[in-house]
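Only one structure is covered here, and it is reproduced in the block below.
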Amino acid sequence: MKKIIDTINNLNIKNYELYGDYMSKIDIDYNKKGKLILVTSINPTPYGEGKTTTVIGLVDSLNKIGYKAVGSLREPSMGPVFGKKGGAIGGGQAKVVPENKINLNFTGDFHAITYANNLISAVIDNSIYQGNELGIENVVFNRCLDVNDRSLRKVIINGKETSFVITPASELMSIVGLSETKEDLRNNLGNILVGYNNNNKEIYVKDLKLVDSLMYVLEDAFKPNLVNTLYGNPVLIHTGPFANISYGCSSIKSIKMAMALGEYTITEAGFGSDTGAVKFYDLLCRKANIYPDAVVINVTLRALEYQGIENIKYHINNMKKFNDNIIVSLNKFDDDSEEDINKLKEFLNELNVKLCISTMYKDGEDGCIDLANEITKLDNNTKNYSIYNLEDSLLTKINKMKDIYGAKNIIYNKDIEDKINQLDVLHPNMPICICKTPYSITDNESIKGYPKEFDMTITDIKVYNGAGYIVIYMGNVLTLPGLSKDSNYLHEVYNG
């Protein structure tokens with residue numbers, strides 16, 4: 001493996017802190033902007049689609065043909081690493097290293113975010129115990145843990161039912177990812193809504209006089225991490241929000257740093273375009289004032305067979321609303337037939353979309369040359385699409401999101417309607433984050449393909465005031481996964 005200090009010197013980075021020979025924290029000014037390429041996919045399947053592998057392979061291939069490319073990825077969550085999903089460092093000859101360190105403790109960012117989150121909960125409880133000067137009656141802030149532990153979905157603490165969320169779904173994770181400066185981070189931490197008093201007045205973290213302590217805990221976690229691919233090319237890895245229950249992209253800081261360091265920045269949004277990519281545009285791009293120059297939709301023939309080829313048509317149509325430059329990248333397996341590849345190519349020709357064949361898993365830096373060349377030939381994107389205006393009412397925003405999915409109706413009960421009306425008064429002009437299953441365009445994971453005329457049901461609404469958005473839960477959404485019967489902790493790679 002190439003030592004990270006060599007990469008730091010090649011990129012002329014002056015502000016860094018080494019974590020051994022192969023990992024580093026960095027901090028730079030954003031004084032230059034390269035082109036930004038977003039990688040997304042169809043709805044995920046049990047076979048995997050390989051977005052991360054495509055990002056890394058494209059970084060390697062662009063560097064191979066003479067362009068300075070830098071990747072920007074999310075940090076893996078340790079819960080899924082030991083669960084069914086596994087790690088998130090790519091695969092084969094297209095991965096970032098050192099893989100086990102990145103997949104597990106890495107530089108400690110997830111631990112720091114977990115500690116900061118649970119420090120807030122401890123201080124809330126202590127404030128109540130020590131006389132409750134703030135008059136806290138109803139606590140709405142959740143503890144978190146980066147472990148797939150289904151028993152923590154409902155727990156009794158101090159005689160009241162509450163729940164944990166997995167660290168990637170925590171508001172603290174979103175705050176670190178969506179804050180761009182220390183001042184921004186400080187303000188956002190202070191604005192976290194922790195509960196209400198007996199007059200229904202909102203109480204925030206800044207009322208607990210805790211912000212300075214949180215800033216201290218998060219000091220290092222706020223800095224992006226730099227690692228290398230197997231070919232010694234740079235990739236920034238920072239924050240790890242899940243796309244089904246959060247916004248699903250790497251941090252604003254890491255993306256902007258990557259754009260400052262290279263001619264091309266390759267980043268990914270989690271799961272399919274209906275979850276991660278939509279939130280990338282709607283939440284991150286809106287906040288960061290950046291916009292992708294092209295979108296790569298990653299797919300495998302196995303996944304298309306599972307979802308149905310019409311599924312990719314939805315994702316193409318969806319992304320065409322946001323961007324002129326849409327490319328489909330086929331993550332090719334050895335047993336993929338030329339007949340099936342040609343069928344996909346003909347299908348995409350009718351949609352006026354280019355298909356590139358990618359073999360980065362097997363061929364490393366030579367595997368995405370076709371895709372890399374297409375990226376460098378693209379015209380400038382002319383679109384800058386917003387799904388809704390921040391000034392729209394909350395219900396208007398939800399209904400405009402309905403059109404993104406192609407839903408016929410949004411269903412909700414009287415309690416949800418009351419919350420919508422209340423939030424329009426208390427928290428206007430906020431974007432929304434739809435949390436739903438990633439396995440379907442709908443909120444029902446069993447519905448595959450490109451469904452039409454379906455309903456979506458709002459089951460809950462929550463304010464992430466510090467992160468700056470309102471969470472809309474649709475269908476049966478788990479914010480703390482469980483372990484499966486055949487989880488990865490049983491396998492030799494993780495049990496020593």
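Naming works like this for the structure tokens: A, B, ... for the chains as they're shown, residue 1 at the start of each chain, ligands 1 onward in shown order.
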
Identify, with DSSP run on backbone atoms, the residues in range 84-192 of chain A assigned to alpha helix (DSSP H), and express the list as a short mmCIF file (atom, residue, chain, number, x, y, z; two decimals) with N, CA and C atoms, in the first residue's frame.
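Final output, saved to states.cif:
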data_model
loop_
_atom_site.label_atom_id
_atom_site.label_comp_id
_atom_site.auth_asym_id
_atom_site.auth_seq_id
_atom_site.Cartn_x
_atom_site.Cartn_y
_atom_site.Cartn_z
N GLU A 99 -8.52 -1.87 4.59
CA GLU A 99 -9.95 -2.14 4.57
C GLU A 99 -10.55 -2.45 5.94
N ASN A 100 -9.93 -3.32 6.74
CA ASN A 100 -10.52 -3.65 8.03
C ASN A 100 -10.54 -2.47 8.98
N LYS A 101 -9.50 -1.65 8.97
CA LYS A 101 -9.49 -0.46 9.83
C LYS A 101 -10.61 0.50 9.43
N ILE A 102 -10.79 0.72 8.11
CA ILE A 102 -11.83 1.63 7.63
C ILE A 102 -13.21 1.07 7.98
N ASN A 103 -13.40 -0.23 7.81
CA ASN A 103 -14.70 -0.84 8.09
C ASN A 103 -15.06 -0.83 9.57
N ASP A 109 -14.37 8.44 14.29
CA ASP A 109 -15.44 9.42 14.07
C ASP A 109 -16.79 8.94 14.59
N PHE A 110 -17.15 7.69 14.26
CA PHE A 110 -18.45 7.17 14.68
C PHE A 110 -18.54 7.11 16.20
N HIS A 111 -17.44 6.74 16.85
CA HIS A 111 -17.44 6.68 18.31
C HIS A 111 -17.66 8.08 18.89
N ALA A 112 -16.97 9.07 18.35
CA ALA A 112 -17.10 10.44 18.87
C ALA A 112 -18.53 10.95 18.70
N ILE A 113 -19.13 10.66 17.53
CA ILE A 113 -20.51 11.09 17.29
C ILE A 113 -21.47 10.38 18.25
N THR A 114 -21.24 9.09 18.48
CA THR A 114 -22.06 8.34 19.43
C THR A 114 -21.91 8.92 20.84
N TYR A 115 -20.66 9.20 21.25
CA TYR A 115 -20.42 9.76 22.58
C TYR A 115 -21.12 11.11 22.74
N ALA A 116 -20.97 11.97 21.72
CA ALA A 116 -21.58 13.30 21.79
C ALA A 116 -23.09 13.19 21.90
N ASN A 117 -23.67 12.31 21.10
CA ASN A 117 -25.12 12.11 21.11
C ASN A 117 -25.58 11.68 22.51
N ASN A 118 -24.91 10.67 23.06
CA ASN A 118 -25.36 10.13 24.33
C ASN A 118 -25.00 11.02 25.51
N LEU A 119 -24.00 11.89 25.34
CA LEU A 119 -23.73 12.92 26.34
C LEU A 119 -24.93 13.87 26.46
N ILE A 120 -25.52 14.20 25.31
CA ILE A 120 -26.72 15.05 25.33
C ILE A 120 -27.82 14.38 26.16
N SER A 121 -28.04 13.08 25.91
CA SER A 121 -29.08 12.36 26.66
C SER A 121 -28.78 12.33 28.15
N ALA A 122 -27.51 12.11 28.50
CA ALA A 122 -27.13 12.09 29.91
C ALA A 122 -27.36 13.44 30.58
N VAL A 123 -27.04 14.52 29.86
CA VAL A 123 -27.22 15.87 30.42
C VAL A 123 -28.70 16.22 30.53
N ILE A 124 -29.51 15.78 29.58
CA ILE A 124 -30.97 15.99 29.70
C ILE A 124 -31.47 15.34 30.99
N ASP A 125 -31.09 14.06 31.20
CA ASP A 125 -31.55 13.35 32.39
C ASP A 125 -31.01 14.01 33.65
N ASN A 126 -29.77 14.47 33.62
CA ASN A 126 -29.19 15.11 34.80
C ASN A 126 -29.87 16.44 35.10
N SER A 127 -30.23 17.17 34.04
CA SER A 127 -30.92 18.44 34.24
C SER A 127 -32.26 18.22 34.94
N ILE A 128 -32.95 17.17 34.57
CA ILE A 128 -34.22 16.84 35.21
C ILE A 128 -33.98 16.40 36.66
N TYR A 129 -32.97 15.56 36.86
CA TYR A 129 -32.67 15.01 38.19
C TYR A 129 -32.24 16.09 39.17
N GLU A 171 -29.26 12.44 14.64
CA GLU A 171 -29.17 13.83 14.21
C GLU A 171 -27.74 14.34 14.27
N LEU A 172 -26.94 13.83 15.23
CA LEU A 172 -25.54 14.26 15.34
C LEU A 172 -24.76 13.91 14.07
N MET A 173 -25.03 12.73 13.49
CA MET A 173 -24.35 12.35 12.25
C MET A 173 -24.68 13.33 11.14
N SER A 174 -25.95 13.70 11.02
CA SER A 174 -26.35 14.65 9.98
C SER A 174 -25.74 16.02 10.22
N ILE A 175 -25.66 16.43 11.47
CA ILE A 175 -25.09 17.75 11.79
C ILE A 175 -23.62 17.81 11.39
N VAL A 176 -22.85 16.78 11.74
CA VAL A 176 -21.43 16.77 11.37
C VAL A 176 -21.29 16.77 9.85
N GLY A 177 -22.14 16.03 9.15
CA GLY A 177 -22.04 15.95 7.70
C GLY A 177 -22.50 17.19 6.96
N LEU A 178 -23.47 17.89 7.50
CA LEU A 178 -24.05 19.04 6.81
C LEU A 178 -23.52 20.38 7.31
N LYS A 182 -16.69 25.46 11.65
CA LYS A 182 -16.85 25.25 13.09
C LYS A 182 -17.99 26.09 13.65
N GLU A 183 -18.12 27.30 13.12
CA GLU A 183 -19.22 28.17 13.56
C GLU A 183 -20.57 27.56 13.19
N ASP A 184 -20.62 27.00 12.00
CA ASP A 184 -21.82 26.31 11.53
C ASP A 184 -22.14 25.13 12.44
N LEU A 185 -21.10 24.34 12.77
CA LEU A 185 -21.27 23.19 13.65
C LEU A 185 -21.77 23.62 15.02
N ARG A 186 -21.17 24.66 15.56
CA ARG A 186 -21.57 25.16 16.89
C ARG A 186 -23.04 25.58 16.90
N ASN A 187 -23.45 26.34 15.92
CA ASN A 187 -24.85 26.80 15.86
C ASN A 187 -25.81 25.62 15.72
N ASN A 188 -25.45 24.66 14.86
CA ASN A 188 -26.34 23.53 14.62
C ASN A 188 -26.47 22.64 15.85
N LEU A 189 -25.36 22.43 16.56
CA LEU A 189 -25.43 21.66 17.80
C LEU A 189 -26.33 22.35 18.82
N GLY A 190 -26.19 23.65 18.94
CA GLY A 190 -27.01 24.39 19.90
C GLY A 190 -28.48 24.36 19.58
#

Subject >> DSSP strand (DSSP E or B) residues within range 230-454 of chain A, as an MDAnalysis selection string >> reply: chainID A and resid 234:237 249 264:269 294:299 326:331 354:358 409:411 432:435

**OP:** Name all residues at most 10 Å from Val81 in chain A (count only C-alpha atoms; drop same-chain ones fewer than 2 positions away) and give them as a ChimeraX atom specification.
**Re:** /A:76-79,83-88,100,103-104,147-148,487-489,494

Subject >> Using only C-alpha atoms: which of A:Ala372, A:Ile461, A:Leu378, A:Val217 has the shortest distance to Met360 in chain A >> reply: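 Under the stated criterion, the closest residue is A:Ala372.
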
Could you list, as a short mmCIF file (atom, residue, chain, number, x, y, z; two decimals) with N, CA and C atoms, in the first residue's frame, every residue within 9 Å of Gly308 in chain A, counting only C-alpha atoms and ignoring same-chain residues fewer than 6 positions away?
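See result_33.cif below for the written result:
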data_model
loop_
_atom_site.label_atom_id
_atom_site.label_comp_id
_atom_site.auth_asym_id
_atom_site.auth_seq_id
_atom_site.Cartn_x
_atom_site.Cartn_y
_atom_site.Cartn_z
N LYS A 448 -41.83 -4.29 -6.48
CA LYS A 448 -40.63 -4.09 -7.29
C LYS A 448 -40.98 -3.41 -8.61
N GLY A 449 -39.94 -3.21 -9.44
CA GLY A 449 -40.13 -2.67 -10.78
C GLY A 449 -40.39 -1.18 -10.80
N TYR A 450 -41.35 -0.78 -11.65
CA TYR A 450 -41.70 0.63 -11.84
C TYR A 450 -43.20 0.75 -11.61
#

Original post:
So which one's closest to Ala294 in chain A, A:His427, A:Leu371, A:Ile470, A:Leu395? Using only C-alpha atoms, please.
Top reply: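 Residue with the minimum atom-to-atom distance to Ala294 in chain A: A:Leu371.
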
**OP:** Tell me which protein, DNA and RNA residues are within 6 Å of range 329-335 of chain A, counting only C-alpha atoms, leaving out same-chain ones fewer than 2 positions away, and put them as a list of chain:residue names.
**Re:** A:Asn298, A:Val299, A:Thr300, A:Leu355, A:Cys356, A:Ile357, A:Ser358, A:Thr359

Subject >> Contacts of range 255-268 of chain A at 7 Å (only C-alpha atoms; same-chain gap of 6+ positions) as a VMD selection string >> reply: chain A and resid 11 28 30 to 40 51 to 52 55 59 67 to 73 236 249

Residue selection dump (C-alpha atoms) as a PDB file, in the first residue's frame:
ATOM      1  CA  LEU A  11      -1.685  16.972  -3.112  1.00  0.00           C
ATOM      2  CA  ILE A  28      -7.787  22.582   3.540  1.00  0.00           C
ATOM      3  CA  TYR A  30     -11.886  25.417  -0.734  1.00  0.00           C
ATOM      4  CA  ASN A  31     -10.050  27.582  -3.232  1.00  0.00           C
ATOM      5  CA  LYS A  32     -10.768  25.598  -6.402  1.00  0.00           C
ATOM      6  CA  LYS A  33     -13.682  23.633  -7.814  1.00  0.00           C
ATOM      7  CA  GLY A  34     -13.339  20.616 -10.074  1.00  0.00           C
ATOM      8  CA  LYS A  35     -16.254  18.790 -11.684  1.00  0.00           C
ATOM      9  CA  LEU A  36     -18.565  16.728  -9.477  1.00  0.00           C
ATOM     10  CA  ILE A  37     -19.836  13.301 -10.573  1.00  0.00           C
ATOM     11  CA  LEU A  38     -22.624  11.617  -8.592  1.00  0.00           C
ATOM     12  CA  VAL A  39     -22.910   7.814  -8.608  1.00  0.00           C
ATOM     13  CA  THR A  40     -26.305   6.300  -7.783  1.00  0.00           C
ATOM     14  CA  LYS A  51     -21.802   1.880  -6.232  1.00  0.00           C
ATOM     15  CA  THR A  52     -18.778   2.195  -3.978  1.00  0.00           C
ATOM     16  CA  VAL A  55     -16.732   5.228  -7.451  1.00  0.00           C
ATOM     17  CA  VAL A  59     -11.264   7.425  -9.565  1.00  0.00           C
ATOM     18  CA  TYR A  67      -6.829  13.305 -14.956  1.00  0.00           C
ATOM     19  CA  LYS A  68      -6.546  14.180 -11.289  1.00  0.00           C
ATOM     20  CA  ALA A  69      -9.580  12.520  -9.689  1.00  0.00           C
ATOM     21  CA  VAL A  70     -10.460  12.306  -5.989  1.00  0.00           C
ATOM     22  CA  GLY A  71     -13.175  10.185  -4.394  1.00  0.00           C
ATOM     23  CA  SER A  72     -15.553  11.200  -1.604  1.00  0.00           C
ATOM     24  CA  LEU A  73     -17.252   8.340   0.257  1.00  0.00           C
ATOM     25  CA  LEU A 236     -11.804  11.276   1.303  1.00  0.00           C
ATOM     26  CA  CYS A 249     -24.179  11.165   1.413  1.00  0.00           C
TER      27      CYS A 249
END

**OP:** Tell me which of A:Met401, A:Gly159, A:Val211, A:Gly468 sits closest to Val278 in chain A, counting only C-alpha atoms.
**Re:** A:Met401

**OP:** May I ask which of the residues A:Asp424, A:Asp336, A:Lys95, A:Glu374 is the closest one to Ala303 in chain A, counting only C-alpha atoms?
**Re:**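 Once distances to Ala303 in chain A are computed over only C-alpha atoms, the minimum belongs to A:Asp336.
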
Original post:
Which polymer residues have any atom within 10 Å of an atom of Phe454 in chain A, counting only C-alpha atoms, with same-chain residues fewer than 3 positions away left out, as a ChimeraX atom specification?
Top reply: /A:405-410,441-444,447,451

**OP:** Select, from A:Ile458, A:Asp392, A:Ser446, A:Arg302, the residue with the minimum atom-to-atom distance to Gly48 in chain A, counting only C-alpha atoms.
**Re:**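 Between A:Ile458, A:Asp392, A:Ser446, A:Arg302, the residue approaching Gly48 in chain A most closely is A:Arg302.
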
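Rounded to one decimal, CA of Leu208 in chain A and CA of Asn138 in chain A lie 15.0 Å from each other.
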
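Of the listed residues (A:Val155, A:Leu230, A:Gly272, A:Asn323), A:Leu230 comes nearest to Ile4 in chain A; the distances count only C-alpha atoms.
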
**OP:** May I ask for the distance between CA of Asn228 in chain A and CA of Asp293 in chain A, given in Å to one decimal place?
**Re:** 24.0 Å
